[in-house]
file run-v1.cif (mmCIF, N, CA and C atoms)
data_data
#
loop_
_atom_site.label_atom_id
_atom_site.label_comp_id
_atom_site.auth_asym_id
_atom_site.auth_seq_id
_atom_site.Cartn_x
_atom_site.Cartn_y
_atom_site.Cartn_z
N MET A 107 -24.81 27.33 -10.55
CA MET A 107 -23.69 26.58 -11.07
C MET A 107 -23.82 26.55 -12.59
N THR A 108 -22.73 26.90 -13.25
CA THR A 108 -22.76 26.94 -14.71
C THR A 108 -22.72 25.53 -15.29
N PHE A 109 -23.05 25.46 -16.58
CA PHE A 109 -23.08 24.16 -17.26
C PHE A 109 -21.70 23.51 -17.28
N SER A 110 -20.66 24.29 -17.55
CA SER A 110 -19.30 23.73 -17.60
C SER A 110 -18.86 23.24 -16.21
N GLN A 111 -19.30 23.93 -15.16
CA GLN A 111 -18.98 23.47 -13.80
C GLN A 111 -19.66 22.14 -13.50
N ARG A 112 -20.90 22.01 -13.95
CA ARG A 112 -21.62 20.74 -13.75
C ARG A 112 -20.94 19.60 -14.50
N ILE A 113 -20.57 19.85 -15.73
CA ILE A 113 -19.88 18.81 -16.52
C ILE A 113 -18.57 18.42 -15.85
N PHE A 114 -17.81 19.41 -15.40
CA PHE A 114 -16.55 19.12 -14.71
C PHE A 114 -16.81 18.32 -13.44
N GLY A 115 -17.81 18.70 -12.66
CA GLY A 115 -18.14 17.98 -11.43
C GLY A 115 -18.54 16.53 -11.70
N ILE A 116 -19.35 16.32 -12.73
CA ILE A 116 -19.78 14.97 -13.08
C ILE A 116 -18.57 14.13 -13.52
N LEU A 117 -17.67 14.72 -14.30
CA LEU A 117 -16.46 14.01 -14.72
C LEU A 117 -15.60 13.63 -13.51
N VAL A 118 -15.46 14.54 -12.57
CA VAL A 118 -14.68 14.25 -11.35
C VAL A 118 -15.30 13.09 -10.58
N VAL A 119 -16.61 13.10 -10.45
CA VAL A 119 -17.30 12.02 -9.73
C VAL A 119 -17.07 10.68 -10.43
N PHE A 120 -17.19 10.65 -11.74
CA PHE A 120 -16.98 9.39 -12.46
C PHE A 120 -15.53 8.93 -12.39
N VAL A 121 -14.59 9.86 -12.37
CA VAL A 121 -13.18 9.49 -12.17
C VAL A 121 -12.99 8.89 -10.78
N ILE A 122 -13.65 9.46 -9.77
CA ILE A 122 -13.57 8.92 -8.42
C ILE A 122 -14.15 7.50 -8.39
N PHE A 123 -15.32 7.30 -8.98
CA PHE A 123 -15.94 5.97 -9.01
C PHE A 123 -15.03 4.97 -9.72
N TYR A 124 -14.53 5.35 -10.88
CA TYR A 124 -13.67 4.45 -11.66
C TYR A 124 -12.40 4.10 -10.87
N THR A 125 -11.80 5.10 -10.25
CA THR A 125 -10.57 4.86 -9.48
C THR A 125 -10.82 3.93 -8.31
N ILE A 126 -11.90 4.14 -7.58
CA ILE A 126 -12.21 3.29 -6.43
C ILE A 126 -12.45 1.86 -6.87
N ILE A 127 -13.24 1.67 -7.91
CA ILE A 127 -13.53 0.32 -8.40
C ILE A 127 -12.25 -0.35 -8.89
N LEU A 128 -11.40 0.39 -9.58
CA LEU A 128 -10.14 -0.16 -10.07
C LEU A 128 -9.22 -0.55 -8.91
N LEU A 129 -9.13 0.29 -7.89
CA LEU A 129 -8.29 -0.01 -6.73
C LEU A 129 -8.78 -1.25 -5.97
N VAL A 130 -10.09 -1.39 -5.85
CA VAL A 130 -10.65 -2.57 -5.18
C VAL A 130 -10.37 -3.81 -6.03
N LYS A 131 -10.55 -3.70 -7.33
CA LYS A 131 -10.33 -4.83 -8.23
C LYS A 131 -8.88 -5.30 -8.19
N LYS A 132 -7.94 -4.36 -8.11
CA LYS A 132 -6.52 -4.71 -8.05
C LYS A 132 -6.06 -5.13 -6.66
N GLY A 133 -6.94 -4.99 -5.68
CA GLY A 133 -6.59 -5.38 -4.32
C GLY A 133 -5.80 -4.33 -3.55
N ARG A 134 -5.75 -3.12 -4.05
CA ARG A 134 -5.00 -2.06 -3.38
C ARG A 134 -5.84 -1.30 -2.37
N LEU A 135 -7.16 -1.49 -2.43
CA LEU A 135 -8.09 -0.87 -1.49
C LEU A 135 -9.06 -1.94 -1.04
N LYS A 136 -9.21 -2.08 0.27
CA LYS A 136 -10.13 -3.09 0.79
C LYS A 136 -11.57 -2.62 0.62
N GLU A 137 -12.46 -3.60 0.50
CA GLU A 137 -13.87 -3.29 0.30
C GLU A 137 -14.45 -2.49 1.46
N GLU A 138 -13.93 -2.73 2.67
CA GLU A 138 -14.47 -2.04 3.84
C GLU A 138 -14.24 -0.53 3.79
N TYR A 139 -13.23 -0.09 3.04
CA TYR A 139 -12.98 1.34 2.90
C TYR A 139 -13.60 1.90 1.63
N SER A 140 -13.87 1.05 0.66
CA SER A 140 -14.39 1.54 -0.62
C SER A 140 -15.78 2.14 -0.49
N TRP A 141 -16.60 1.60 0.40
CA TRP A 141 -17.96 2.12 0.54
C TRP A 141 -17.94 3.60 0.94
N MET A 142 -16.97 3.98 1.78
CA MET A 142 -16.89 5.37 2.24
C MET A 142 -16.57 6.30 1.07
N TRP A 143 -15.66 5.87 0.21
CA TRP A 143 -15.29 6.71 -0.93
C TRP A 143 -16.38 6.72 -1.99
N LEU A 144 -17.05 5.60 -2.18
CA LEU A 144 -18.16 5.58 -3.12
C LEU A 144 -19.31 6.45 -2.63
N LEU A 145 -19.56 6.43 -1.32
CA LEU A 145 -20.58 7.29 -0.74
C LEU A 145 -20.21 8.77 -0.90
N THR A 146 -18.94 9.07 -0.73
CA THR A 146 -18.46 10.44 -0.93
C THR A 146 -18.69 10.87 -2.37
N GLY A 147 -18.37 10.00 -3.30
CA GLY A 147 -18.61 10.31 -4.71
C GLY A 147 -20.09 10.50 -5.01
N LEU A 148 -20.93 9.69 -4.39
CA LEU A 148 -22.38 9.82 -4.58
C LEU A 148 -22.88 11.16 -4.03
N ILE A 149 -22.39 11.54 -2.87
CA ILE A 149 -22.78 12.84 -2.29
C ILE A 149 -22.34 13.98 -3.20
N LEU A 150 -21.12 13.87 -3.73
CA LEU A 150 -20.65 14.90 -4.67
C LEU A 150 -21.52 14.95 -5.92
N LEU A 151 -21.96 13.79 -6.39
CA LEU A 151 -22.84 13.76 -7.56
C LEU A 151 -24.17 14.45 -7.27
N VAL A 152 -24.71 14.21 -6.08
CA VAL A 152 -25.96 14.88 -5.69
C VAL A 152 -25.75 16.38 -5.63
N VAL A 153 -24.61 16.81 -5.07
CA VAL A 153 -24.33 18.24 -4.97
C VAL A 153 -24.20 18.86 -6.36
N VAL A 154 -23.57 18.14 -7.28
CA VAL A 154 -23.40 18.66 -8.64
C VAL A 154 -24.75 18.74 -9.36
N LEU A 155 -25.54 17.68 -9.23
CA LEU A 155 -26.81 17.65 -9.96
C LEU A 155 -27.89 18.50 -9.29
N ARG A 156 -27.85 18.61 -7.98
CA ARG A 156 -28.85 19.38 -7.23
C ARG A 156 -28.15 20.44 -6.39
N TYR A 157 -27.61 21.44 -7.05
CA TYR A 157 -26.89 22.51 -6.37
C TYR A 157 -27.80 23.26 -5.39
N ASP A 158 -29.09 23.33 -5.71
CA ASP A 158 -30.03 24.01 -4.82
C ASP A 158 -30.11 23.33 -3.45
N PHE A 159 -29.83 22.02 -3.42
CA PHE A 159 -29.78 21.30 -2.14
C PHE A 159 -28.63 21.82 -1.28
N LEU A 160 -27.48 22.08 -1.89
CA LEU A 160 -26.34 22.64 -1.17
C LEU A 160 -26.64 24.06 -0.70
N VAL A 161 -27.35 24.83 -1.52
CA VAL A 161 -27.74 26.19 -1.13
C VAL A 161 -28.66 26.13 0.09
N LEU A 162 -29.62 25.21 0.08
CA LEU A 162 -30.53 25.05 1.21
C LEU A 162 -29.77 24.67 2.49
N ILE A 163 -28.86 23.72 2.37
CA ILE A 163 -28.07 23.30 3.55
C ILE A 163 -27.22 24.45 4.07
N SER A 164 -26.63 25.21 3.18
CA SER A 164 -25.80 26.34 3.62
C SER A 164 -26.63 27.40 4.34
N ARG A 165 -27.86 27.58 3.91
CA ARG A 165 -28.74 28.51 4.62
C ARG A 165 -29.11 27.96 6.01
N LEU A 166 -29.36 26.65 6.07
CA LEU A 166 -29.73 26.03 7.34
C LEU A 166 -28.62 26.10 8.38
N ILE A 167 -27.37 25.93 7.94
CA ILE A 167 -26.27 25.95 8.90
C ILE A 167 -25.69 27.35 9.08
N GLY A 168 -26.16 28.30 8.31
CA GLY A 168 -25.72 29.68 8.46
C GLY A 168 -24.42 30.00 7.75
N ALA A 169 -24.06 29.21 6.76
CA ALA A 169 -22.83 29.48 5.99
C ALA A 169 -23.06 30.67 5.07
N ALA A 170 -22.02 31.45 4.86
CA ALA A 170 -22.14 32.65 4.04
C ALA A 170 -22.41 32.30 2.58
N SER A 171 -21.87 31.17 2.12
CA SER A 171 -22.10 30.77 0.74
C SER A 171 -22.07 29.24 0.66
N PRO A 172 -22.62 28.69 -0.41
CA PRO A 172 -22.60 27.24 -0.57
C PRO A 172 -21.18 26.66 -0.60
N THR A 173 -20.25 27.42 -1.14
CA THR A 173 -18.86 26.97 -1.18
C THR A 173 -18.31 26.81 0.23
N ASN A 174 -18.64 27.73 1.12
CA ASN A 174 -18.20 27.61 2.51
C ASN A 174 -18.79 26.37 3.17
N ALA A 175 -20.05 26.10 2.89
CA ALA A 175 -20.69 24.90 3.45
C ALA A 175 -19.99 23.64 2.94
N LEU A 176 -19.64 23.65 1.67
CA LEU A 176 -18.93 22.50 1.09
C LEU A 176 -17.59 22.30 1.78
N PHE A 177 -16.86 23.38 2.03
CA PHE A 177 -15.57 23.27 2.73
C PHE A 177 -15.76 22.83 4.18
N ILE A 178 -16.79 23.30 4.83
CA ILE A 178 -17.06 22.89 6.22
C ILE A 178 -17.30 21.38 6.27
N PHE A 179 -18.15 20.88 5.37
CA PHE A 179 -18.42 19.44 5.36
C PHE A 179 -17.19 18.64 4.94
N GLY A 180 -16.38 19.20 4.06
CA GLY A 180 -15.13 18.54 3.68
C GLY A 180 -14.18 18.42 4.85
N ILE A 181 -14.07 19.47 5.65
CA ILE A 181 -13.21 19.44 6.82
C ILE A 181 -13.75 18.46 7.86
N ILE A 182 -15.05 18.46 8.07
CA ILE A 182 -15.66 17.50 9.01
C ILE A 182 -15.40 16.06 8.54
N PHE A 183 -15.53 15.83 7.24
CA PHE A 183 -15.26 14.51 6.67
C PHE A 183 -13.81 14.11 6.93
N LEU A 184 -12.88 15.01 6.71
CA LEU A 184 -11.46 14.70 6.93
C LEU A 184 -11.15 14.46 8.40
N ILE A 185 -11.82 15.16 9.29
CA ILE A 185 -11.63 14.93 10.72
C ILE A 185 -12.10 13.52 11.09
N PHE A 186 -13.28 13.13 10.63
CA PHE A 186 -13.78 11.79 10.92
C PHE A 186 -12.91 10.71 10.26
N LEU A 187 -12.41 10.99 9.07
CA LEU A 187 -11.52 10.05 8.40
C LEU A 187 -10.23 9.87 9.19
N SER A 188 -9.67 10.96 9.69
CA SER A 188 -8.46 10.89 10.52
C SER A 188 -8.73 10.12 11.81
N LEU A 189 -9.85 10.37 12.42
CA LEU A 189 -10.21 9.64 13.64
C LEU A 189 -10.36 8.15 13.37
N HIS A 190 -11.01 7.81 12.29
CA HIS A 190 -11.19 6.41 11.91
C HIS A 190 -9.84 5.72 11.72
N PHE A 191 -8.93 6.37 11.00
CA PHE A 191 -7.62 5.77 10.76
C PHE A 191 -6.77 5.73 12.02
N ALA A 192 -6.93 6.69 12.91
CA ALA A 192 -6.22 6.65 14.20
C ALA A 192 -6.67 5.45 15.02
N ILE A 193 -7.96 5.17 15.00
CA ILE A 193 -8.49 4.01 15.71
C ILE A 193 -7.94 2.72 15.09
N LYS A 194 -7.95 2.65 13.76
CA LYS A 194 -7.43 1.46 13.07
C LYS A 194 -5.95 1.27 13.38
N ILE A 195 -5.16 2.33 13.35
CA ILE A 195 -3.73 2.24 13.64
C ILE A 195 -3.50 1.78 15.07
N SER A 196 -4.29 2.28 16.01
CA SER A 196 -4.17 1.86 17.40
C SER A 196 -4.44 0.37 17.55
N LEU A 197 -5.49 -0.11 16.90
CA LEU A 197 -5.82 -1.54 16.96
C LEU A 197 -4.72 -2.38 16.32
N LEU A 198 -4.20 -1.94 15.19
CA LEU A 198 -3.15 -2.69 14.52
C LEU A 198 -1.86 -2.70 15.34
N THR A 199 -1.55 -1.60 16.01
CA THR A 199 -0.37 -1.54 16.87
C THR A 199 -0.50 -2.56 18.00
N TYR A 200 -1.66 -2.63 18.60
CA TYR A 200 -1.92 -3.60 19.66
C TYR A 200 -1.77 -5.03 19.14
N GLU A 201 -2.33 -5.30 17.96
CA GLU A 201 -2.24 -6.63 17.38
C GLU A 201 -0.81 -7.00 17.02
N VAL A 202 -0.03 -6.06 16.50
CA VAL A 202 1.37 -6.33 16.17
C VAL A 202 2.16 -6.65 17.43
N LYS A 203 1.92 -5.93 18.50
CA LYS A 203 2.61 -6.19 19.77
C LYS A 203 2.28 -7.59 20.26
N ASN A 204 1.01 -7.97 20.22
CA ASN A 204 0.60 -9.30 20.66
C ASN A 204 1.23 -10.39 19.79
N LEU A 205 1.24 -10.18 18.48
CA LEU A 205 1.84 -11.17 17.58
C LEU A 205 3.34 -11.30 17.82
N ALA A 206 4.03 -10.20 18.05
CA ALA A 206 5.47 -10.24 18.32
C ALA A 206 5.74 -11.02 19.61
N GLN A 207 4.92 -10.82 20.62
CA GLN A 207 5.08 -11.55 21.87
C GLN A 207 4.83 -13.05 21.67
N LYS A 208 3.80 -13.39 20.91
CA LYS A 208 3.51 -14.80 20.65
C LYS A 208 4.63 -15.46 19.86
N ILE A 209 5.18 -14.76 18.89
CA ILE A 209 6.29 -15.30 18.10
C ILE A 209 7.51 -15.51 18.99
N ALA A 210 7.79 -14.58 19.87
CA ALA A 210 8.93 -14.73 20.78
C ALA A 210 8.75 -15.95 21.68
N ILE A 211 7.55 -16.16 22.18
CA ILE A 211 7.27 -17.32 23.04
C ILE A 211 7.43 -18.61 22.24
N LEU A 212 6.89 -18.64 21.01
CA LEU A 212 7.01 -19.83 20.17
C LEU A 212 8.46 -20.13 19.81
N GLU A 213 9.25 -19.11 19.52
CA GLU A 213 10.66 -19.31 19.22
C GLU A 213 11.41 -19.86 20.42
N ALA A 214 11.09 -19.35 21.60
CA ALA A 214 11.75 -19.84 22.82
C ALA A 214 11.37 -21.30 23.06
N GLU A 215 10.11 -21.65 22.87
CA GLU A 215 9.68 -23.04 23.04
C GLU A 215 10.33 -23.95 22.00
N TYR A 216 10.46 -23.46 20.80
CA TYR A 216 11.10 -24.25 19.74
C TYR A 216 12.56 -24.51 20.07
N GLU A 217 13.24 -23.50 20.52
CA GLU A 217 14.65 -23.66 20.88
C GLU A 217 14.82 -24.65 22.03
N GLN A 218 13.90 -24.66 22.97
CA GLN A 218 13.98 -25.60 24.09
C GLN A 218 13.69 -27.02 23.66
N ASN A 219 12.76 -27.21 22.74
CA ASN A 219 12.34 -28.54 22.32
C ASN A 219 13.07 -29.05 21.08
N LYS A 220 13.98 -28.28 20.55
CA LYS A 220 14.71 -28.64 19.35
C LYS A 220 15.60 -29.86 19.61
N PRO A 221 15.66 -30.82 18.67
CA PRO A 221 16.53 -31.98 18.88
C PRO A 221 17.98 -31.52 19.06
N GLY A 222 18.63 -32.07 20.06
CA GLY A 222 20.01 -31.70 20.34
C GLY A 222 20.13 -30.54 21.30
N ALA A 223 19.01 -29.93 21.62
CA ALA A 223 19.07 -28.78 22.52
C ALA A 223 19.42 -29.22 23.93
N SER A 224 18.94 -30.40 24.32
CA SER A 224 19.24 -30.87 25.68
C SER A 224 20.72 -31.22 25.81
N ARG A 225 21.36 -31.77 24.73
CA ARG A 225 22.78 -32.06 24.78
C ARG A 225 23.60 -30.80 24.94
N ARG A 226 23.25 -29.78 24.18
CA ARG A 226 23.98 -28.52 24.29
C ARG A 226 23.80 -27.93 25.68
N HIS A 227 22.59 -28.05 26.19
CA HIS A 227 22.34 -27.53 27.54
C HIS A 227 23.18 -28.28 28.57
N ASN A 228 23.29 -29.61 28.42
CA ASN A 228 24.08 -30.41 29.36
C ASN A 228 25.57 -30.12 29.20
N GLN A 229 26.03 -29.82 27.99
CA GLN A 229 27.44 -29.51 27.77
C GLN A 229 27.82 -28.20 28.44
N ILE A 230 26.91 -27.26 28.44
CA ILE A 230 27.18 -25.98 29.07
C ILE A 230 27.30 -26.16 30.57
N LEU A 231 26.44 -27.03 31.16
CA LEU A 231 26.48 -27.27 32.60
C LEU A 231 27.68 -28.10 32.92
#
call {"tool": "encode", "arguments": {"input": "run-v1.cif", "output": "structure tokens"}}
result
Amino acid sequence: MTFSQRIFGILVVFVIFYTIILLVKKGRLKEEYSWMWLLTGLILLVVVLRYDFLVLISRLIGAASPTNALFIFGIIFLIFLSLHFAIKISLLTYEVKNLAQKIAILEAEYEQNKPGASRRHNQIL
């Protein structure tokens, strides 16, 4: 890895760190997700500073080049990220359904117990 590539990689990692910290500070990213992105930035920093580590890993997994190994791990990361968000979306969908049902029950109870509701009910009968 050339010197300019290392400098570029280090700058990218620091931009990632700065962006994540800024998003958490502004409340646009929850802390529970920030650790994953900070860990990703840390791994990228290790790869930039210790390129020989990536070369070793690519030899161990049988990748033709370190760049291929990096893309393989990037794709694996994106697959796990998609799975994680699919699980979160499924849980949130279930919670939204439950909340909508509870609100409907509470609204029905409120309408029944509302002052004057019994008079209107008797007028209809």
call {"tool": "resolve_selection", "arguments": {"input": "run-v1.cif", "expression": "the PyMOL selection byres ((chain A and resi 111-123) around 6.5)", "output": "list in words"}}
result
Met107, Thr108, Phe109, Ser110, Tyr124, Thr125, Ile126, Ile127, Leu128, Leu144, Gly147, Leu150, Leu151 and Val154 of chain A
call {"tool": "atom_distance", "arguments": {"input": "run-v1.cif", "atom1": "CA of Ala210 in chain A", "atom2": "CA of Phe191 in chain A"}}
result
28.2 Å
call {"tool": "atom_distance", "arguments": {"input": "run-v1.cif", "atom1": "atom N of Glu215 in chain A", "atom2": "atom C of Lys203 in chain A"}}
result
16.3 Å
call {"tool": "residues_around", "arguments": {"input": "run-v1.cif", "residues": "range 169-178 of chain A", "least_positions_apart": "6", "cutoff": "8 Å", "atoms": "only C-alpha atoms", "output": "VMD selection string"}}
result
chain A and resid 160 to 161 163
call {"tool": "atom_distance", "arguments": {"input": "run-v1.cif", "atom1": "CA of Tyr139 in chain A", "atom2": "atom N of Ala206 in chain A"}}
result
25.5 Å
